[in-house]
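*Asks:* As input, take entry.cif (mmCIF, C-alpha atoms):
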data_query
loop_
_atom_site.label_atom_id
_atom_site.label_comp_id
_atom_site.auth_asym_id
_atom_site.auth_seq_id
_atom_site.Cartn_x
_atom_site.Cartn_y
_atom_site.Cartn_z
CA MET H 1 15.82 8.14 12.57
CA SER H 2 12.88 6.96 14.67
CA ASP H 3 10.66 4.10 13.59
CA THR H 4 7.46 4.78 11.72
CA ALA H 5 4.07 3.47 12.83
CA ALA H 6 4.41 0.71 10.20
CA VAL H 7 7.81 -0.43 11.49
CA ARG H 8 6.65 -0.25 15.13
CA TYR H 9 3.59 -2.33 14.21
CA LEU H 10 5.72 -4.96 12.48
CA LYS H 11 8.21 -5.08 15.34
CA GLU H 12 5.35 -5.65 17.81
CA GLU H 13 3.82 -8.40 15.65
CA ASN H 14 7.30 -9.87 15.04
CA PRO H 15 6.91 -11.32 11.53
CA PRO H 16 9.96 -11.56 9.28
CA PHE H 17 10.47 -8.28 7.40
CA LYS H 18 13.31 -6.13 6.10
CA THR H 19 13.62 -2.41 5.55
CA MET H 20 15.35 -0.52 2.74
CA GLU H 21 16.05 3.19 2.85
CA TYR H 22 16.61 5.75 0.13
CA LEU H 23 17.15 9.49 0.16
CA LYS H 24 14.09 11.29 1.49
CA ASP H 25 14.50 14.00 -1.15
CA GLY H 26 14.80 11.29 -3.80
CA PRO H 27 11.98 9.76 -5.84
CA VAL H 28 8.41 9.71 -4.59
CA ALA H 29 6.45 8.01 -7.37
CA ALA H 30 6.53 4.23 -6.92
CA VAL H 31 7.89 3.57 -10.43
CA ASP H 32 10.70 6.08 -9.79
CA VAL H 33 11.52 4.40 -6.47
CA ALA H 34 11.68 1.05 -8.30
CA ALA H 35 14.06 2.57 -10.85
CA TYR H 36 16.16 4.09 -8.04
CA PHE H 37 16.70 0.63 -6.56
CA GLY H 38 17.39 -0.85 -9.98
CA PHE H 39 14.47 -3.25 -9.87
CA GLY H 40 14.40 -3.14 -13.67
CA ASP H 41 11.82 -5.63 -14.93
CA SER H 42 10.83 -6.36 -11.32
CA THR H 43 9.03 -3.04 -10.79
CA GLU H 44 5.86 -5.04 -10.18
CA ARG H 45 7.38 -6.29 -6.93
CA LEU H 46 7.02 -2.77 -5.50
CA PHE H 47 3.43 -2.05 -4.48
CA LYS H 48 1.99 1.40 -3.95
CA THR H 49 -0.61 1.95 -1.22
CA LEU H 50 -3.67 3.90 -2.37
CA VAL H 51 -6.52 5.06 -0.16
CA THR H 52 -9.99 5.71 -1.55
CA SER H 53 -13.35 6.89 -0.31
CA ASP H 54 -16.93 6.34 -1.37
CA HIS H 55 -19.92 8.67 -1.32
CA LYS H 56 -21.22 7.09 1.92
CA GLY H 57 -18.19 7.88 4.11
CA GLY H 58 -16.42 4.55 3.61
CA TYR H 59 -12.66 4.29 3.16
CA TYR H 60 -10.64 1.52 1.53
CA VAL H 61 -6.95 0.69 1.08
CA PHE H 62 -5.64 -0.84 -2.15
CA ALA H 63 -2.08 -2.03 -2.78
CA VAL H 64 -1.15 -2.42 -6.45
CA PRO H 65 2.11 -2.92 -8.37
CA ALA H 66 3.96 0.35 -9.00
CA PRO H 67 3.54 0.49 -12.79
CA LYS H 68 -0.16 -0.46 -12.71
CA ARG H 69 -3.25 1.73 -12.38
CA LEU H 70 -6.03 1.03 -9.92
CA ASP H 71 -9.35 0.30 -11.62
CA LEU H 72 -11.73 2.38 -9.49
CA LYS H 73 -14.85 0.98 -11.17
CA LYS H 74 -13.76 -2.61 -10.60
CA CYS H 75 -12.83 -1.83 -6.99
CA ALA H 76 -16.13 -0.05 -6.30
CA LYS H 77 -17.99 -3.14 -7.45
CA LEU H 78 -15.71 -5.28 -5.30
CA VAL H 79 -16.55 -3.31 -2.13
CA GLY H 80 -20.22 -2.93 -3.03
CA VAL H 81 -20.51 0.79 -3.70
CA LYS H 82 -21.50 2.83 -6.73
CA ASN H 83 -18.14 4.57 -7.11
CA LEU H 84 -14.81 5.29 -5.46
CA GLN H 85 -12.44 8.22 -5.68
CA MET H 86 -8.92 8.77 -4.43
CA LEU H 87 -8.97 10.13 -0.89
CA LYS H 88 -8.66 13.90 -0.67
CA LEU H 89 -5.38 15.06 0.84
CA ASP H 90 -7.08 17.12 3.56
CA VAL H 91 -8.51 13.87 5.02
CA PHE H 92 -5.61 11.57 4.15
CA GLU H 93 -3.19 12.32 7.00
CA ASP H 94 -5.83 12.42 9.74
CA LEU H 95 -7.28 9.09 8.64
CA THR H 96 -4.07 7.18 7.94
CA GLY H 97 -1.45 8.92 10.09
CA TYR H 98 0.80 9.06 7.04
CA THR H 99 1.75 11.71 4.49
CA HIS H 100 0.97 11.32 0.82
CA GLY H 101 3.78 9.34 -0.82
CA GLY H 102 4.71 7.56 2.41
CA CYS H 103 1.59 5.58 3.22
CA SER H 104 1.89 1.99 4.44
CA PRO H 105 -0.99 -0.44 4.90
CA PHE H 106 0.62 -1.39 8.25
CA GLY H 107 0.23 0.81 11.30
CA MET H 108 -2.50 3.07 9.95
CA ARG H 109 -4.20 5.30 12.49
CA THR H 110 -7.55 3.84 11.43
CA LYS H 111 -7.87 0.18 10.44
CA LEU H 112 -9.47 0.11 6.99
CA PRO H 113 -10.62 -2.66 4.67
CA THR H 114 -7.50 -3.62 2.73
CA PHE H 115 -7.20 -5.19 -0.71
CA VAL H 116 -4.01 -6.30 -2.46
CA ASP H 117 -3.65 -7.05 -6.14
CA ALA H 118 -3.62 -10.83 -6.58
CA SER H 119 -0.32 -10.62 -8.50
CA ALA H 120 1.38 -10.29 -5.10
CA LEU H 121 0.69 -13.97 -4.51
CA ASN H 122 3.11 -14.80 -7.36
CA ARG H 123 6.03 -13.47 -5.28
CA ASP H 124 7.78 -14.63 -2.13
CA THR H 125 8.01 -11.03 -0.91
CA ILE H 126 6.84 -7.60 -2.03
CA TYR H 127 7.97 -4.07 -1.21
CA LEU H 128 5.59 -1.56 0.35
CA SER H 129 6.09 1.87 1.84
CA GLY H 130 7.50 1.69 5.34
CA GLY H 131 5.45 4.67 6.47
CA ARG H 132 7.49 7.59 5.20
CA ILE H 133 9.08 8.75 2.00
CA GLY H 134 12.50 7.13 1.87
CA LEU H 135 11.60 3.84 3.55
CA LEU H 136 10.43 0.53 2.07
CA ILE H 137 9.51 -2.68 3.85
CA ASP H 138 10.00 -6.11 2.30
CA VAL H 139 7.30 -8.55 3.48
CA ALA H 140 5.66 -11.79 2.44
CA PRO H 141 2.26 -11.09 0.82
CA GLY H 142 0.56 -13.48 3.23
CA LEU H 143 1.46 -11.13 6.06
CA LEU H 144 -1.12 -8.66 4.73
CA LYS H 145 -3.80 -11.32 5.00
CA ASP H 146 -2.65 -12.55 8.40
CA LYS H 147 -2.28 -9.14 10.06
CA LEU H 148 -4.69 -6.88 8.13
CA ASP H 149 -7.31 -9.36 6.91
CA ALA H 150 -6.42 -8.19 3.40
CA ARG H 151 -8.19 -9.72 0.43
CA PHE H 152 -6.29 -10.54 -2.76
CA GLU H 153 -8.20 -9.55 -5.88
CA ASP H 154 -7.67 -8.34 -9.44
CA LEU H 155 -7.53 -4.57 -8.84
CA CYS H 156 -5.76 -3.10 -11.84
CA LYS H 157 -6.82 -1.70 -15.18
CA ALA H 158 -5.99 -3.88 -18.16
CA ASP H 159 -2.77 -2.87 -19.90
#
Could you show the structure in this file as structure tokens?
*Replies:*
Amino acid sequence: MSDTAAVRYLKEENPPFKTMEYLKDGPVAAVDVAAYFGFGDSTERLFKTLVTSDHKGGYYVFAVPAPKRLDLKKCAKLVGVKNLQMLKLDVFEDLTGYTHGGCSPFGMRTKLPTFVDASALNRDTIYLSGGRIGLLIDVAPGLLKDKLDARFEDLCKAD
């Protein structure tokens, strides 16, 4: 299968990374993907990539651990807007170049402000979508800062 935009981007930048594949018709939800790989208690090592928009035409990328929920109010305050909502699907693919469920923060069609939950810094590597359903990439969290200017913040709702 051909490389995704995320994998091509990483190959061009040449940082250390690994890929893991699973059946394309397998799980889509991040927590189900974590279960598929048998991550068990380590489901928080798998981060889902969420794209939001504000009422002014701004777009933002947030990467949070699979079992956690993004706190939209907290994130809106963080980016300096009144509110955020999840990006509508009719805009999603054109903006990111990815399909819903296979979005990677790397290799997006449009470079967007990117935020990663600070819990990523507690791990040597994290898993993110590799740019399609059925593909994960394993990268050091610092790579998101180095290559995407990502900020690490507390992004999740309290349990």
*Asks:* Taking all listed atoms of range 113-130 of chain H, build the axis-aligned box, pad each of the six sides by 4 Å, then write its centre and edge lengths in Å to one decimal as AutoDock Vina command-line options.
*Replies:*
--center_x -1.3 --center_y -6.5 --center_z -1.6 --size_x 26.6 --size_y 24.7 --size_z 21.8
*Asks:* Around the point (4.9, -2.6, 14.3), in the coordinates given by the file, pick out the residues reaching within 12 Å, counting all atoms listed in the file, and return them as a PyMOL selection string.
*Replies:* chain H and resi 3-17+104-108+130-131+137+147
*Asks:* What gap, in Å, lies between CA of Ala150 in chain H and CA of Gln85 in chain H?
*Replies:*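 Separating CA of Ala150 in chain H from CA of Gln85 in chain H is a distance of 19.7 Å.
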*Asks:* Exactly which residues make up the result of the PyMOL selection byres ((chain H and resi 63) around 8) on this file, given as a list in words?
*Replies:*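 Selected by the PyMOL selection byres ((chain H and resi 63) around 8) in this file: Phe47, Lys48, Thr49, Leu50, Val61, Phe62, Val64, Pro65, Pro105, Thr114, Phe115, Val116 and Asp117 of chain H.
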*Asks:* Between CA of Tyr60 in chain H and CA of Thr125 in chain H, what distance in Å does the model show, to one decimal?
*Replies:*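 Between these atoms lies a distance of 22.6 Å.
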*Asks:* May I ask for the distance between CA of Ala118 in chain H and CA of Leu155 in chain H, given in Å to one decimal place?
*Replies:* 7.7 Å
*Asks:* Please provide the set of residues having any atom within 8 Å of Gly142 in chain H, restricted to all atoms listed in the file, with same-chain residues fewer than 3 positions apart removed, written as a PyMOL selection string.
*Replies:* chain H and resi 121+145-146
*Asks:* Compile the contact shell of Ala34 in chain H as number ranges by chain: residues with an atom at most 9 Å away, counting only C-alpha atoms, same-chain residues fewer than 3 positions apart removed.
*Replies:* H: 29-31, 37-40, 42-46, 66
*Asks:* I would like the residues chosen by the PyMOL selection byres ((chain H and resi 82) around 9) on the shown file; could you give them as a list in words?
*Replies:*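 Applying the PyMOL selection byres ((chain H and resi 82) around 9) to the structure shown produces Asp54, His55, Lys73, Ala76, Lys77, Gly80, Val81, Asn83 and Leu84 of chain H.
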*Asks:* Looking at only C-alpha atoms, which of H:Val33, H:Cys75, H:Val51, H:Leu136 is the one that sits closest to Val91 in chain H?
*Replies:* H:Val51
*Asks:* Using all atoms listed in the file, pick whichever of H:Met20, H:Tyr36, H:Lys88, H:Leu148 has the shortest atom-to-atom distance to Lys111 in chain H.
*Replies:* H:Leu148
*Asks:* Which neighbours of range 93-95 of chain H fall inside 9 Å, counting only C-alpha atoms, when residues of the same chain fewer than 4 positions from it are skipped, and could you give them as number ranges by chain?
*Replies:* H: 89, 99-100, 108-110
